[in-house]
Amino acid sequence: MTLKIERHGVVLDKTDLGFENAGALNPACLRVGDNVHMFYRAVRHGNYSTVGHCLFNGPLEVAERAEKPLLIPEHAYESQGMEDPRIVKIEDTYYLTYTGYDRTNALGAYATSKDLGTFTKHGVITPQFTYRDFKKLIDCCPDLNPKYLFHYKMLKEHGLGEEIADKLLAWDKNLMFFPKKINGKFALLHRIHPGIQIVFFDDPAEVDRKFWEHYLMDLRSHIVMDPSLLHESSHIGGGAPPIETEDGWLLIYHSAEDTPHGFVYHACAALLDLKDPSKLIARLDHPLISPQEPYEKTGYVKNIVFPSGAVVFDDDLYIYYGAADERVAVASVKLPALLAQLKKTAR
């Protein structure tokens, strides 16, 4: 049975305002009552990103949209922008994760809020190792996908050599918290190219350099998913924060397919074990949403469907995605049908 995907088109686009005149894309979405809060990547010319905010009535109707960014870069690690936010609520606190970009490095950071209006930044939480040190650590892992050294090898092949490998930090993006603690611990998905990994901890304060050294030396055991399908021929990464269902944690993620005409990004779906989400239990063998509409195929970067937010209204799962790296579009699917399809592929 083919899943029926309903496209609702573009719900948010760039404006003439200075902070978002190049794009409004890749949003974090959170349902609160009958409203959806959207925290989106607002891009001005020059690829400088801030976080904009708007409020939806229901899943599709924009009710309010701020004319100034809600969050702006304030620290060196995010000096060129705060990119691709995701958001969840854990107990009484909202956790907003994003990629801090400084023109050279792309690292995962987070901020917290009690009211969705004021956020406190807590800095980078992902590993901070040069590519040379990163290579030394993951060389300890047997049977690791060789693509984990892709960027390190690219530096050398392009003649950038050891000097850059000693300065450039290994990129770690697409991080998102699970919306509840699991076995009393925070659970966080992140993406070190080319797969999706998971990390558990009691308190973010314990996630320091020594923590990550031990983690990377045993990286293989922390990989939730590696690319394995045709539409994942380049890499994969987290999309919307996991959604708890009776059948498992529903993960909407993105994949990048390497084609003769460049990368094509798709939205995909998988199920993780409820009690131990490091275990993959099901995975669709085809994309959920692929670029087909003009607003997905043409824009700042062509052929992009990049999911980053999802909410449920009744039986409908609404997936919010960056379309062609320029705007926000929405598609929906019946959640029971998607779960039934996933369960047919259970491992």
# chains A, B, ... in the order shown; residues from 1 in each chain; ligands from 1

$ closest_atom_pairs --of "stretch 131-232 of chain A" --to "stretch 249-256 of chain A" --cutoff "10 Å" --atoms "only C-alpha atoms" --output "JSON lines"
{"residue": "A:Asn174", "atom": "CA", "partner": "A:Tyr253", "partner_atom": "CA", "distance": 9.6}
{"residue": "A:Phe178", "atom": "CA", "partner": "A:Trp249", "partner_atom": "CA", "distance": 9.1}
{"residue": "A:Pro194", "atom": "CA", "partner": "A:Ala256", "partner_atom": "CA", "distance": 9.7}
{"residue": "A:Gly195", "atom": "CA", "partner": "A:Ser255", "partner_atom": "CA", "distance": 9.7}
{"residue": "A:Ile196", "atom": "CA", "partner": "A:Tyr253", "partner_atom": "CA", "distance": 9.2}
{"residue": "A:Pro227", "atom": "CA", "partner": "A:Ser255", "partner_atom": "CA", "distance": 7.9}
{"residue": "A:Leu229", "atom": "CA", "partner": "A:Ser255", "partner_atom": "CA", "distance": 9.4}
{"residue": "A:Leu230", "atom": "CA", "partner": "A:Ala256", "partner_atom": "CA", "distance": 9.5}
{"residue": "A:His231", "atom": "CA", "partner": "A:Ser255", "partner_atom": "CA", "distance": 6.6}
{"residue": "A:Glu232", "atom": "CA", "partner": "A:Ser255", "partner_atom": "CA", "distance": 5.0}

$ select_by_dssp --residues "stretch 123-154 of chain A" --states "alpha helix (DSSP H)" --output "PyMOL selection string"
chain A and resi 131-138+150-154

$ write_last_selection --atoms "N, CA and C atoms" --output "PDB file, in the first residue's frame"
ATOM      1  N   TYR A 131      39.879  17.775  13.135  1.00  0.00           N
ATOM      2  CA  TYR A 131      39.725  16.560  12.339  1.00  0.00           C
ATOM      3  C   TYR A 131      40.874  15.576  12.586  1.00  0.00           C
ATOM      4  N   ARG A 132      42.065  16.095  12.869  1.00  0.00           N
ATOM      5  CA  ARG A 132      43.180  15.193  13.173  1.00  0.00           C
ATOM      6  C   ARG A 132      42.890  14.422  14.463  1.00  0.00           C
ATOM      7  N   ASP A 133      42.454  15.122  15.516  1.00  0.00           N
ATOM      8  CA  ASP A 133      42.147  14.439  16.776  1.00  0.00           C
ATOM      9  C   ASP A 133      40.937  13.525  16.636  1.00  0.00           C
ATOM     10  N   PHE A 134      39.943  13.983  15.875  1.00  0.00           N
ATOM     11  CA  PHE A 134      38.766  13.168  15.619  1.00  0.00           C
ATOM     12  C   PHE A 134      39.164  11.842  14.958  1.00  0.00           C
ATOM     13  N   LYS A 135      40.056  11.911  13.972  1.00  0.00           N
ATOM     14  CA  LYS A 135      40.503  10.700  13.298  1.00  0.00           C
ATOM     15  C   LYS A 135      41.192   9.750  14.271  1.00  0.00           C
ATOM     16  N   LYS A 136      42.042  10.299  15.133  1.00  0.00           N
ATOM     17  CA  LYS A 136      42.738   9.446  16.094  1.00  0.00           C
ATOM     18  C   LYS A 136      41.754   8.730  17.010  1.00  0.00           C
ATOM     19  N   LEU A 137      40.711   9.415  17.415  1.00  0.00           N
ATOM     20  CA  LEU A 137      39.740   8.818  18.329  1.00  0.00           C
ATOM     21  C   LEU A 137      38.916   7.739  17.638  1.00  0.00           C
ATOM     22  N   ILE A 138      38.392   8.022  16.441  1.00  0.00           N
ATOM     23  CA  ILE A 138      37.527   7.032  15.810  1.00  0.00           C
ATOM     24  C   ILE A 138      38.318   5.902  15.163  1.00  0.00           C
ATOM     25  N   PHE A 150      35.258  10.830   5.839  1.00  0.00           N
ATOM     26  CA  PHE A 150      35.073  11.483   4.545  1.00  0.00           C
ATOM     27  C   PHE A 150      35.654  12.897   4.541  1.00  0.00           C
ATOM     28  N   HIS A 151      35.285  13.715   5.517  1.00  0.00           N
ATOM     29  CA  HIS A 151      35.727  15.106   5.511  1.00  0.00           C
ATOM     30  C   HIS A 151      37.233  15.219   5.762  1.00  0.00           C
ATOM     31  N   TYR A 152      37.757  14.364   6.618  1.00  0.00           N
ATOM     32  CA  TYR A 152      39.199  14.370   6.875  1.00  0.00           C
ATOM     33  C   TYR A 152      39.957  14.065   5.580  1.00  0.00           C
ATOM     34  N   LYS A 153      39.498  13.065   4.845  1.00  0.00           N
ATOM     35  CA  LYS A 153      40.160  12.690   3.592  1.00  0.00           C
ATOM     36  C   LYS A 153      40.000  13.783   2.543  1.00  0.00           C
ATOM     37  N   MET A 154      38.827  14.429   2.528  1.00  0.00           N
ATOM     38  CA  MET A 154      38.602  15.501   1.562  1.00  0.00           C
ATOM     39  C   MET A 154      39.568  16.651   1.788  1.00  0.00           C
TER      40      MET A 154
END

$ residues_around --residues "A:Phe177" --least-positions-apart "6" --cutoff "8 Å" --atoms "only C-alpha atoms" --output "ChimeraX atom specification"
/A:87-88,95,97,186-189,241

$ write_last_selection --atoms "N, CA and C atoms" --output "compact mmCIF listing (two decimals), in the first residue's frame"
# COMPACT_ATOMS: atom_id res chain seq x y z
N ILE A 87 12.99 22.00 18.59
CA ILE A 87 12.56 22.31 19.96
C ILE A 87 11.70 21.19 20.53
N VAL A 88 11.87 20.95 21.84
CA VAL A 88 11.02 20.01 22.58
C VAL A 88 10.78 20.59 23.97
N TYR A 95 13.63 23.04 25.40
CA TYR A 95 15.02 22.91 24.93
C TYR A 95 15.05 23.18 23.43
N THR A 97 17.51 23.39 20.30
CA THR A 97 18.85 23.06 19.80
C THR A 97 19.03 23.69 18.42
N PHE A 186 18.66 12.29 29.96
CA PHE A 186 18.44 13.01 28.71
C PHE A 186 18.91 12.13 27.56
N ALA A 187 18.19 12.19 26.45
CA ALA A 187 18.59 11.49 25.23
C ALA A 187 18.67 12.52 24.11
N LEU A 188 19.76 12.49 23.36
CA LEU A 188 20.02 13.50 22.34
C LEU A 188 20.50 12.81 21.06
N LEU A 189 19.83 13.09 19.96
CA LEU A 189 20.30 12.64 18.65
C LEU A 189 21.20 13.72 18.05
N PRO A 241 12.27 16.30 15.92
CA PRO A 241 12.47 15.54 17.16
C PRO A 241 11.54 14.33 17.21

$ atom_distance --atom1 "atom CA of A:Val305" --atom2 "atom CA of A:Leu288"
10.2 Å

$ residues_around --residues "A:Val312" --least-positions-apart "2" --cutoff "12 Å" --atoms "only C-alpha atoms" --output "ChimeraX atom specification"
/A:29-36,58-59,242-245,250,309-310,314-320,331-336

$ residues_around --residues "A:Gln80" --least-positions-apart "4" --cutoff "10 Å" --atoms "only C-alpha atoms" --output "PyMOL selection string"
chain A and resi 46-50+72-76+100-106

$ closest_residue --among "A:Gly52, A:Pro287, A:Gly322, A:Pro260" --to "A:Tyr40" --atoms "only C-alpha atoms"
A:Gly52

$ residues_around --residues "stretch 24-26 of chain A" --least-positions-apart "4" --cutoff "9 Å" --atoms "only C-alpha atoms" --output "NGL selection string"
:A and (12-15 or 20 or 39-43 or 52 or 83-86 or 306-309 or 320-329)

$ write_last_selection --atoms "C-alpha atoms" --output "compact mmCIF listing (two decimals), in the first residue's frame"
# COMPACT_ATOMS: atom_id res chain seq x y z
CA LEU A 12 6.20 30.69 5.26
CA ASP A 13 8.50 32.53 2.89
CA LYS A 14 11.18 35.19 3.03
CA THR A 15 10.15 38.83 3.33
CA GLU A 20 15.03 37.36 6.49
CA PHE A 39 11.04 28.94 15.37
CA TYR A 40 12.60 29.17 11.94
CA ARG A 41 15.99 29.87 10.44
CA ALA A 42 15.80 33.43 9.13
CA VAL A 43 18.56 34.21 6.62
CA GLY A 52 12.57 34.03 13.73
CA GLU A 83 20.93 27.55 11.96
CA ASP A 84 18.24 24.86 11.75
CA PRO A 85 16.60 24.95 15.21
CA ARG A 86 14.59 22.10 16.78
CA PHE A 306 14.61 19.12 4.66
CA PRO A 307 12.26 18.14 7.51
CA SER A 308 12.91 19.74 10.89
CA GLY A 309 9.54 19.96 12.66
CA TYR A 320 7.31 21.04 8.26
CA TYR A 321 10.33 21.25 5.99
CA GLY A 322 12.71 23.61 4.35
CA ALA A 323 11.93 23.67 0.61
CA ALA A 324 14.84 24.40 -1.73
CA ASP A 325 16.70 26.04 1.20
CA GLU A 326 14.51 29.11 0.93
CA ARG A 327 11.01 28.64 2.38
CA VAL A 328 8.88 26.48 4.70
CA ALA A 329 6.40 24.02 3.28

$ closest_residue --among "A:Tyr77, A:Lys185, A:Leu60, A:Ala346" --to "A:His8" --atoms "only C-alpha atoms"
A:Leu60

$ select_by_dssp --residues "stretch 103-343 of chain A" --states "strand (DSSP E)" --output "MDAnalysis selection string"
chainID A and resid 106:113 119:124 173:177 186:191 196:201 223:225 235:238 243:245 248:259 262:272 280:283 305:313 316:323 327:334

$ residues_around --residues "A:Met38" --least-positions-apart "3" --cutoff "6 Å" --atoms "only C-alpha atoms" --output "PyMOL selection string"
chain A and resi 28-29+53-54

$ atom_distance --atom1 "atom CA of A:Val224" --atom2 "atom CA of A:Gln197"
5.2 Å

$ closest_residue --among "A:Asp143, A:Glu78, A:Glu64, A:Glu91" --to "A:Arg220" --atoms "only C-alpha atoms"
A:Asp143

$ decode --residues "stretch 271-294 of chain A" --atoms "N, CA and C atoms" --output "JSON list (two decimals), in the first residue's frame"
[["chain", "number", "residue", "atom", "x", "y", "z"],
["A", 271, "LEU", "N", 11.42, 3.97, 12.93],
["A", 271, "LEU", "CA", 10.92, 3.75, 14.30],
["A", 271, "LEU", "C", 12.07, 3.28, 15.17],
["A", 272, "LEU", "N", 12.17, 3.89, 16.35],
["A", 272, "LEU", "CA", 13.17, 3.50, 17.34],
["A", 272, "LEU", "C", 12.47, 2.88, 18.54],
["A", 273, "ASP", "N", 13.18, 1.99, 19.23],
["A", 273, "ASP", "CA", 12.61, 1.31, 20.38],
["A", 273, "ASP", "C", 12.27, 2.31, 21.49],
["A", 274, "LEU", "N", 11.09, 2.14, 22.10],
["A", 274, "LEU", "CA", 10.64, 3.08, 23.13],
["A", 274, "LEU", "C", 11.55, 3.10, 24.35],
["A", 275, "LYS", "N", 11.97, 1.94, 24.80],
["A", 275, "LYS", "CA", 12.78, 1.85, 26.02],
["A", 275, "LYS", "C", 14.26, 2.08, 25.76],
["A", 276, "ASP", "N", 14.69, 1.75, 24.55],
["A", 276, "ASP", "CA", 16.10, 1.92, 24.19],
["A", 276, "ASP", "C", 16.17, 2.45, 22.76],
["A", 277, "PRO", "N", 16.05, 3.78, 22.59],
["A", 277, "PRO", "CA", 15.99, 4.35, 21.24],
["A", 277, "PRO", "C", 17.31, 4.28, 20.48],
["A", 278, "SER", "N", 18.33, 3.69, 21.07],
["A", 278, "SER", "CA", 19.53, 3.41, 20.27],
["A", 278, "SER", "C", 19.28, 2.26, 19.31],
["A", 279, "LYS", "N", 18.15, 1.56, 19.50],
["A", 279, "LYS", "CA", 17.81, 0.41, 18.66],
["A", 279, "LYS", "C", 16.81, 0.82, 17.58],
["A", 280, "LEU", "N", 17.20, 0.60, 16.35],
["A", 280, "LEU", "CA", 16.33, 0.84, 15.21],
["A", 280, "LEU", "C", 15.44, -0.39, 15.02],
["A", 281, "ILE", "N", 14.12, -0.19, 14.99],
["A", 281, "ILE", "CA", 13.23, -1.35, 14.83],
["A", 281, "ILE", "C", 12.53, -1.37, 13.48],
["A", 282, "ALA", "N", 12.46, -0.24, 12.79],
["A", 282, "ALA", "CA", 11.81, -0.22, 11.48],
["A", 282, "ALA", "C", 12.26, 1.02, 10.71],
["A", 283, "ARG", "N", 12.23, 0.88, 9.37],
["A", 283, "ARG", "CA", 12.72, 1.98, 8.53],
["A", 283, "ARG", "C", 12.07, 1.84, 7.16],
["A", 284, "LEU", "N", 11.42, 2.89, 6.69],
["A", 284, "LEU", "CA", 10.85, 2.83, 5.35],
["A", 284, "LEU", "C", 11.95, 2.64, 4.32],
["A", 285, "ASP", "N", 11.68, 1.82, 3.32],
["A", 285, "ASP", "CA", 12.70, 1.59, 2.30],
["A", 285, "ASP", "C", 12.60, 2.57, 1.13],
["A", 286, "HIS", "N", 11.74, 3.58, 1.29],
["A", 286, "HIS", "CA", 11.59, 4.61, 0.26],
["A", 286, "HIS", "C", 11.37, 5.94, 0.97],
["A", 287, "PRO", "N", 11.64, 7.05, 0.31],
["A", 287, "PRO", "CA", 11.42, 8.35, 0.94],
["A", 287, "PRO", "C", 9.94, 8.60, 1.21],
["A", 288, "LEU", "N", 9.68, 9.36, 2.24],
["A", 288, "LEU", "CA", 8.31, 9.78, 2.54],
["A", 288, "LEU", "C", 7.92, 10.96, 1.65],
["A", 289, "ILE", "N", 8.82, 11.92, 1.52],
["A", 289, "ILE", "CA", 8.59, 13.09, 0.67],
["A", 289, "ILE", "C", 9.87, 13.37, -0.11],
["A", 290, "SER", "N", 9.74, 13.51, -1.41],
["A", 290, "SER", "CA", 10.87, 13.85, -2.28],
["A", 290, "SER", "C", 10.54, 15.11, -3.06],
["A", 291, "PRO", "N", 11.55, 15.85, -3.49],
["A", 291, "PRO", "CA", 11.27, 17.08, -4.25],
["A", 291, "PRO", "C", 10.52, 16.77, -5.54],
["A", 292, "GLN", "N", 9.38, 17.43, -5.71],
["A", 292, "GLN", "CA", 8.63, 17.27, -6.96],
["A", 292, "GLN", "C", 7.94, 18.57, -7.37],
["A", 293, "GLU", "N", 7.59, 19.41, -6.40],
["A", 293, "GLU", "CA", 6.92, 20.66, -6.71],
["A", 293, "GLU", "C", 7.96, 21.74, -7.03],
["A", 294, "PRO", "N", 7.55, 22.76, -7.81],
["A", 294, "PRO", "CA", 8.50, 23.83, -8.15],
["A", 294, "PRO", "C", 9.14, 24.47, -6.92]]
